[in-house]
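Participant: Take this structure, written in C-alpha cells, and hold onto it; I'll ask about it next.
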Amino acid sequence: MKILRILLFSLALMASQMTMVSADGTYHFGFKKSVNGQPPSIDEEGFKGLLKQHGAVFTGDQTQKELYLTFDNGYEQGYTGRILDVLKEKQVPAIFFVTGHYIRTESELLKRMAAEGHLIGNHSWSHPDMSQIPAERIQKELNQVKDEVAAVTGQKDMHYLRAPRGIFNDRSLAVSHGLNYTNVFWSVAYRDWEPKKQKGWEYAYKNVMAQLHPGAVILLHSVSSDNTEALGRIIDAARAQGYQFKSLDEMKLRTP
C-alpha cells in the first residue's frame with residue numbers, strides 16, 4: 001500500500017510539473033523528424049492548433065518535391081559570403097533571418113542578399129524570448145529590423161518571421177501575425193549552431209539528407225563551417241532525387 005501511495009504521489013507530481021511547464025502556454029518548437037522521406041510530425045507537441053490558427057509555416061506542400069532553404073543570421077562568422085557564392089552558382093533562392101546586430105555589422109552582405117534575389121526575414125532586433133515581452137516591445141523589435149533592412153537594402157516589405165530560439169506562445173504568434181508576419185518554423189534541422197563544435201561537412205550533409213522530405217523547410221545556421229562546406233553537395237544530391245528549391249514567396253500550400 002505504501003508503495004502504491006508513493007507511485008500515485010509521483011504520478012501526480014509529474015502531472016503537476018507538466019502543467020506548470022506549459023502553464024503560461026509557452027512552447028519551444030520541436031518536431032518528430034522525417035525518416036526515409038516520410039512526413040515529419042508536430043502532432044504530439046501540443047501546439048499544432050496554434051500554428052494553424054495563426055497561419056504559421058511548418059512545411060510546404062507535402063505531396064510535392066519542393067524544398068525551402070532558410071538561414072538564421074544572428075551574427076557573422078565569415079561564411080555567409082561563401083554560402084551566397086554557392087547559392088548563386090546553383091541558382092537556388094533562400095531566405096536569411098537577421099537580427100539587429102547583423103544589420104548593424106554586415107550591411108554589405110545584406111545588400112548582396114537582396115541584390116541576388118534572396119529574401120531577408122525578421123529574427124527580431126535583440127533576439128529576446130518573445131513569449132515573455134509585451135506586445136508593444138514585440139512590435140518595436142520587428143519594426144526596427146524591417147526599417148533598418150529597408151534603409152540598407154531598399155527591401156521595403158518584410159513578411160516572414162522566425163521566432164528567436166523557436167520560443168513562442170499564442171500571444172506572440174497573434175501579435176506578429178497581426179503585423180502581417182508569417183511565422184516560419186522548420187521541418188529539417190540539426191545541432192549546427194555552435195562554431196566550436198563543428199564535425200566536418202559530411203556530418204552536415206548526412207544530417208540534412210537523412211531528413212529530406214517533400215515540402216521541407218530546411219533550417220541552417222550560417223555560422224556553421226560544416227553547412228558552408230556541405231551546401232553545394234546537399235543541393236546537388238537533393239536535385240538528383242528530383243527535388244526543386246523554391247522561395248518562400250512561391251509556397252502555395254503550407255502545413256499545418
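Ligands are numbered from 1 in the order shown, chains are lettered A, B, ... in the order of the C-alpha cells, and residues start at 1 in each chain.
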Using DSSP on the backbone coordinates, identify all residues within range 42-104 of chain A classified as alpha helix (DSSP H); present the result as a compact mmCIF listing (two decimals) with C-alpha atoms, in the first residue's frame.
Facilitator:
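Just written: result-v3.txt:
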```
# COMPACT_ATOMS: atom_id res chain seq x y z
CA LYS A 48 -0.19 22.39 -33.89
CA GLY A 49 -3.55 24.13 -33.45
CA LEU A 50 -1.84 27.41 -32.57
CA LEU A 51 0.36 27.30 -35.65
CA LYS A 52 -2.66 26.61 -37.83
CA GLN A 53 -4.75 29.33 -36.17
CA THR A 80 27.80 33.88 -45.46
CA GLY A 81 29.71 35.18 -48.46
CA ARG A 82 30.66 31.63 -49.41
CA ILE A 83 27.09 30.48 -48.85
CA LEU A 84 25.91 33.20 -51.21
CA ASP A 85 28.52 32.10 -53.76
CA VAL A 86 27.11 28.57 -53.73
CA LEU A 87 23.51 29.76 -53.98
CA LYS A 88 24.43 31.97 -56.93
CA GLU A 89 26.32 29.19 -58.68
CA LYS A 90 23.49 26.70 -58.17
CA GLY A 100 19.72 43.92 -35.32
CA HIS A 101 23.34 43.03 -34.63
CA TYR A 102 23.67 41.51 -38.08
CA ILE A 103 22.10 44.53 -39.76
CA ARG A 104 24.42 46.93 -37.98
```
Participant: With a distance cut-off of 10 Å and only C-alpha atoms, select the neighbouring residues of Ser225 in chain A, excluding the residue or stretch itself and same-chain residues fewer than 5 positions from it, and output the selection as a JSON list (two decimals) with all heavy atoms, in the first residue's frame.
Facilitator:
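around-v7.json, freshly written:
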```
[["chain", "number", "residue", "atom", "x", "y", "z"],
["A", 77, "GLN", "N", 30.13, 34.83, -38.97],
["A", 77, "GLN", "CA", 31.30, 34.03, -38.62],
["A", 77, "GLN", "C", 32.26, 33.91, -39.81],
["A", 77, "GLN", "O", 33.24, 33.18, -39.74],
["A", 77, "GLN", "CB", 30.85, 32.65, -38.14],
["A", 77, "GLN", "CG", 31.90, 31.80, -37.48],
["A", 77, "GLN", "CD", 32.28, 32.27, -36.08],
["A", 77, "GLN", "OE1", 31.68, 33.19, -35.55],
["A", 77, "GLN", "NE2", 33.29, 31.65, -35.49],
["A", 78, "GLY", "N", 31.94, 34.61, -40.89],
["A", 78, "GLY", "CA", 32.81, 34.61, -42.05],
["A", 78, "GLY", "C", 32.41, 33.67, -43.16],
["A", 78, "GLY", "O", 33.16, 33.50, -44.14],
["A", 79, "TYR", "N", 31.22, 33.06, -43.06],
["A", 79, "TYR", "CA", 30.83, 32.04, -44.04],
["A", 79, "TYR", "C", 29.70, 32.47, -44.99],
["A", 79, "TYR", "O", 29.49, 31.82, -46.01],
["A", 79, "TYR", "CB", 30.39, 30.77, -43.31],
["A", 79, "TYR", "CG", 31.43, 30.19, -42.41],
["A", 79, "TYR", "CD1", 31.20, 30.01, -41.05],
["A", 79, "TYR", "CD2", 32.69, 29.82, -42.90],
["A", 79, "TYR", "CE1", 32.16, 29.48, -40.21],
["A", 79, "TYR", "CE2", 33.67, 29.30, -42.07],
["A", 79, "TYR", "CZ", 33.40, 29.13, -40.72],
["A", 79, "TYR", "OH", 34.35, 28.62, -39.90],
["A", 80, "THR", "N", 28.98, 33.53, -44.66],
["A", 80, "THR", "CA", 27.80, 33.88, -45.46],
["A", 80, "THR", "C", 28.16, 34.22, -46.89],
["A", 80, "THR", "O", 27.42, 33.89, -47.82],
["A", 80, "THR", "CB", 27.02, 35.02, -44.80],
["A", 80, "THR", "OG1", 26.69, 34.66, -43.46],
["A", 80, "THR", "CG2", 25.74, 35.31, -45.57],
["A", 82, "ARG", "N", 30.47, 32.91, -48.70],
["A", 82, "ARG", "CA", 30.66, 31.63, -49.41],
["A", 82, "ARG", "C", 29.33, 30.93, -49.63],
["A", 82, "ARG", "O", 29.12, 30.29, -50.68],
["A", 82, "ARG", "CB", 31.61, 30.74, -48.62],
["A", 82, "ARG", "CG", 33.05, 31.27, -48.62],
["A", 82, "ARG", "CD", 33.90, 30.65, -47.53],
["A", 82, "ARG", "NE", 34.03, 29.20, -47.69],
["A", 82, "ARG", "CZ", 34.61, 28.42, -46.78],
["A", 82, "ARG", "NH1", 35.07, 28.94, -45.65],
["A", 82, "ARG", "NH2", 34.69, 27.12, -46.99],
["A", 83, "ILE", "N", 28.43, 31.04, -48.67],
["A", 83, "ILE", "CA", 27.09, 30.48, -48.85],
["A", 83, "ILE", "C", 26.40, 31.16, -50.02],
["A", 83, "ILE", "O", 25.78, 30.50, -50.88],
["A", 83, "ILE", "CB", 26.27, 30.65, -47.55],
["A", 83, "ILE", "CG1", 26.78, 29.70, -46.48],
["A", 83, "ILE", "CG2", 24.78, 30.41, -47.81],
["A", 83, "ILE", "CD1", 26.21, 29.94, -45.10],
["A", 192, "ASP", "N", 23.62, 22.62, -35.29],
["A", 192, "ASP", "CA", 24.65, 23.16, -36.18],
["A", 192, "ASP", "C", 25.14, 24.54, -35.77],
["A", 192, "ASP", "O", 25.96, 25.14, -36.46],
["A", 192, "ASP", "CB", 24.11, 23.23, -37.61],
["A", 192, "ASP", "CG", 22.97, 24.22, -37.76],
["A", 192, "ASP", "OD1", 22.35, 24.59, -36.74],
["A", 192, "ASP", "OD2", 22.67, 24.62, -38.91],
["A", 193, "TRP", "N", 24.64, 25.09, -34.66],
["A", 193, "TRP", "CA", 24.83, 26.50, -34.35],
["A", 193, "TRP", "C", 26.01, 26.80, -33.44],
["A", 193, "TRP", "O", 26.23, 27.94, -33.05],
["A", 193, "TRP", "CB", 23.57, 27.07, -33.72],
["A", 193, "TRP", "CG", 23.14, 26.34, -32.47],
["A", 193, "TRP", "CD1", 23.57, 26.56, -31.18],
["A", 193, "TRP", "CD2", 22.21, 25.26, -32.40],
["A", 193, "TRP", "NE1", 22.97, 25.69, -30.32],
["A", 193, "TRP", "CE2", 22.12, 24.88, -31.03],
["A", 193, "TRP", "CE3", 21.43, 24.58, -33.34],
["A", 193, "TRP", "CZ2", 21.29, 23.84, -30.60],
["A", 193, "TRP", "CZ3", 20.62, 23.55, -32.91],
["A", 193, "TRP", "CH2", 20.54, 23.19, -31.55],
["A", 194, "GLU", "N", 26.82, 25.80, -33.10],
["A", 194, "GLU", "CA", 27.96, 26.01, -32.22],
["A", 194, "GLU", "C", 29.26, 25.97, -33.02],
["A", 194, "GLU", "O", 29.74, 24.89, -33.40],
["A", 194, "GLU", "CB", 27.96, 24.94, -31.13],
["A", 194, "GLU", "CG", 26.73, 24.99, -30.24],
["A", 194, "GLU", "CD", 26.59, 23.78, -29.35],
["A", 194, "GLU", "OE1", 26.36, 22.67, -29.87],
["A", 194, "GLU", "OE2", 26.75, 23.94, -28.13],
["A", 195, "PRO", "N", 29.85, 27.13, -33.29],
["A", 195, "PRO", "CA", 31.04, 27.17, -34.15],
["A", 195, "PRO", "C", 32.20, 26.32, -33.65],
["A", 195, "PRO", "O", 33.00, 25.82, -34.45],
["A", 195, "PRO", "CB", 31.42, 28.66, -34.12],
["A", 195, "PRO", "CG", 30.14, 29.37, -33.85],
["A", 195, "PRO", "CD", 29.39, 28.48, -32.91],
["A", 196, "LYS", "N", 32.32, 26.12, -32.34],
["A", 196, "LYS", "CA", 33.44, 25.36, -31.80],
["A", 196, "LYS", "C", 33.16, 23.86, -31.74],
["A", 196, "LYS", "O", 34.01, 23.10, -31.28],
["A", 196, "LYS", "CB", 33.80, 25.88, -30.41],
["A", 196, "LYS", "CG", 34.34, 27.31, -30.42],
["A", 196, "LYS", "CD", 34.72, 27.76, -29.01],
["A", 196, "LYS", "CE", 35.27, 29.18, -29.03],
["A", 196, "LYS", "NZ", 35.65, 29.63, -27.67],
["A", 197, "LYS", "N", 31.99, 23.45, -32.21],
["A", 197, "LYS", "CA", 31.64, 22.04, -32.18],
["A", 197, "LYS", "C", 31.28, 21.52, -33.57],
["A", 197, "LYS", "O", 30.36, 20.73, -33.74],
["A", 197, "LYS", "CB", 30.49, 21.80, -31.20],
["A", 197, "LYS", "CG", 30.86, 22.09, -29.75],
["A", 197, "LYS", "CD", 29.73, 21.75, -28.80],
["A", 197, "LYS", "CE", 30.12, 22.02, -27.36],
["A", 197, "LYS", "NZ", 29.02, 21.70, -26.41],
["A", 198, "GLN", "N", 32.00, 22.00, -34.58],
["A", 198, "GLN", "CA", 31.77, 21.55, -35.94],
["A", 198, "GLN", "C", 32.44, 20.19, -36.14],
["A", 198, "GLN", "O", 33.48, 19.90, -35.55],
["A", 198, "GLN", "CB", 32.29, 22.57, -36.93],
["A", 198, "GLN", "CG", 31.63, 23.94, -36.82],
["A", 198, "GLN", "CD", 30.15, 23.90, -37.16],
["A", 198, "GLN", "OE1", 29.78, 23.68, -38.31],
["A", 198, "GLN", "NE2", 29.29, 24.09, -36.17],
["A", 199, "LYS", "N", 31.84, 19.35, -37.00],
["A", 199, "LYS", "CA", 32.29, 17.97, -37.14],
["A", 199, "LYS", "C", 32.64, 17.58, -38.57],
["A", 199, "LYS", "O", 32.84, 16.41, -38.86],
["A", 199, "LYS", "CB", 31.21, 17.03, -36.60],
["A", 199, "LYS", "CG", 30.89, 17.26, -35.12],
["A", 199, "LYS", "CD", 29.83, 16.30, -34.62],
["A", 199, "LYS", "CE", 29.53, 16.54, -33.15],
["A", 199, "LYS", "NZ", 28.50, 15.60, -32.62],
["A", 200, "GLY", "N", 32.67, 18.56, -39.47],
["A", 200, "GLY", "CA", 33.02, 18.25, -40.85],
["A", 200, "GLY", "C", 31.81, 18.26, -41.76],
["A", 200, "GLY", "O", 30.67, 18.03, -41.33],
["A", 201, "TRP", "N", 32.05, 18.50, -43.05],
["A", 201, "TRP", "CA", 30.95, 18.66, -43.99],
["A", 201, "TRP", "C", 30.09, 17.41, -44.12],
["A", 201, "TRP", "O", 28.88, 17.48, -44.33],
["A", 201, "TRP", "CB", 31.47, 19.08, -45.36],
["A", 201, "TRP", "CG", 32.20, 18.01, -46.13],
["A", 201, "TRP", "CD1", 33.53, 17.80, -46.18],
["A", 201, "TRP", "CD2", 31.60, 16.98, -46.95],
["A", 201, "TRP", "NE1", 33.83, 16.72, -46.99],
["A", 201, "TRP", "CE2", 32.67, 16.20, -47.48],
["A", 201, "TRP", "CE3", 30.30, 16.66, -47.31],
["A", 201, "TRP", "CZ2", 32.45, 15.12, -48.32],
["A", 201, "TRP", "CZ3", 30.08, 15.57, -48.16],
["A", 201, "TRP", "CH2", 31.14, 14.81, -48.65],
["A", 204, "ALA", "N", 27.21, 17.38, -41.61],
["A", 204, "ALA", "CA", 26.10, 18.25, -42.02],
["A", 204, "ALA", "C", 25.32, 17.61, -43.16],
["A", 204, "ALA", "O", 24.09, 17.58, -43.15],
["A", 204, "ALA", "CB", 26.64, 19.61, -42.44],
["A", 230, "ALA", "N", 29.11, 21.83, -46.93],
["A", 230, "ALA", "CA", 28.19, 20.79, -47.40],
["A", 230, "ALA", "C", 27.12, 21.32, -48.34],
["A", 230, "ALA", "O", 26.49, 20.54, -49.06],
["A", 230, "ALA", "CB", 27.52, 20.12, -46.20],
["A", 231, "LEU", "N", 26.89, 22.62, -48.35],
["A", 231, "LEU", "CA", 25.72, 23.17, -49.03],
["A", 231, "LEU", "C", 25.62, 22.78, -50.50],
["A", 231, "LEU", "O", 24.57, 22.33, -50.97],
["A", 231, "LEU", "CB", 25.71, 24.70, -48.89],
["A", 231, "LEU", "CG", 24.50, 25.41, -49.50],
["A", 231, "LEU", "CD1", 23.19, 24.92, -48.88],
["A", 231, "LEU", "CD2", 24.65, 26.93, -49.33]]
```
Participant: For the contact check between range 83-134 of chain A and range 211-221 of chain A, emit one row per residue of range 83-134 of chain A within 12 Å, containing the shortest atom pair and the distance in Å rounded to one decimal, counting only C-alpha atoms, chain then rising number order, as CSV.
Facilitator:
```
residue,atom,partner,partner_atom,distance
A:Ile83,CA,A:His221,CA,10.7
A:Ala94,CA,A:Ile218,CA,9.9
A:Ile95,CA,A:Leu219,CA,10.0
A:Phe96,CA,A:His221,CA,9.5
A:Phe97,CA,A:His221,CA,9.7
A:Val98,CA,A:His221,CA,11.0
```
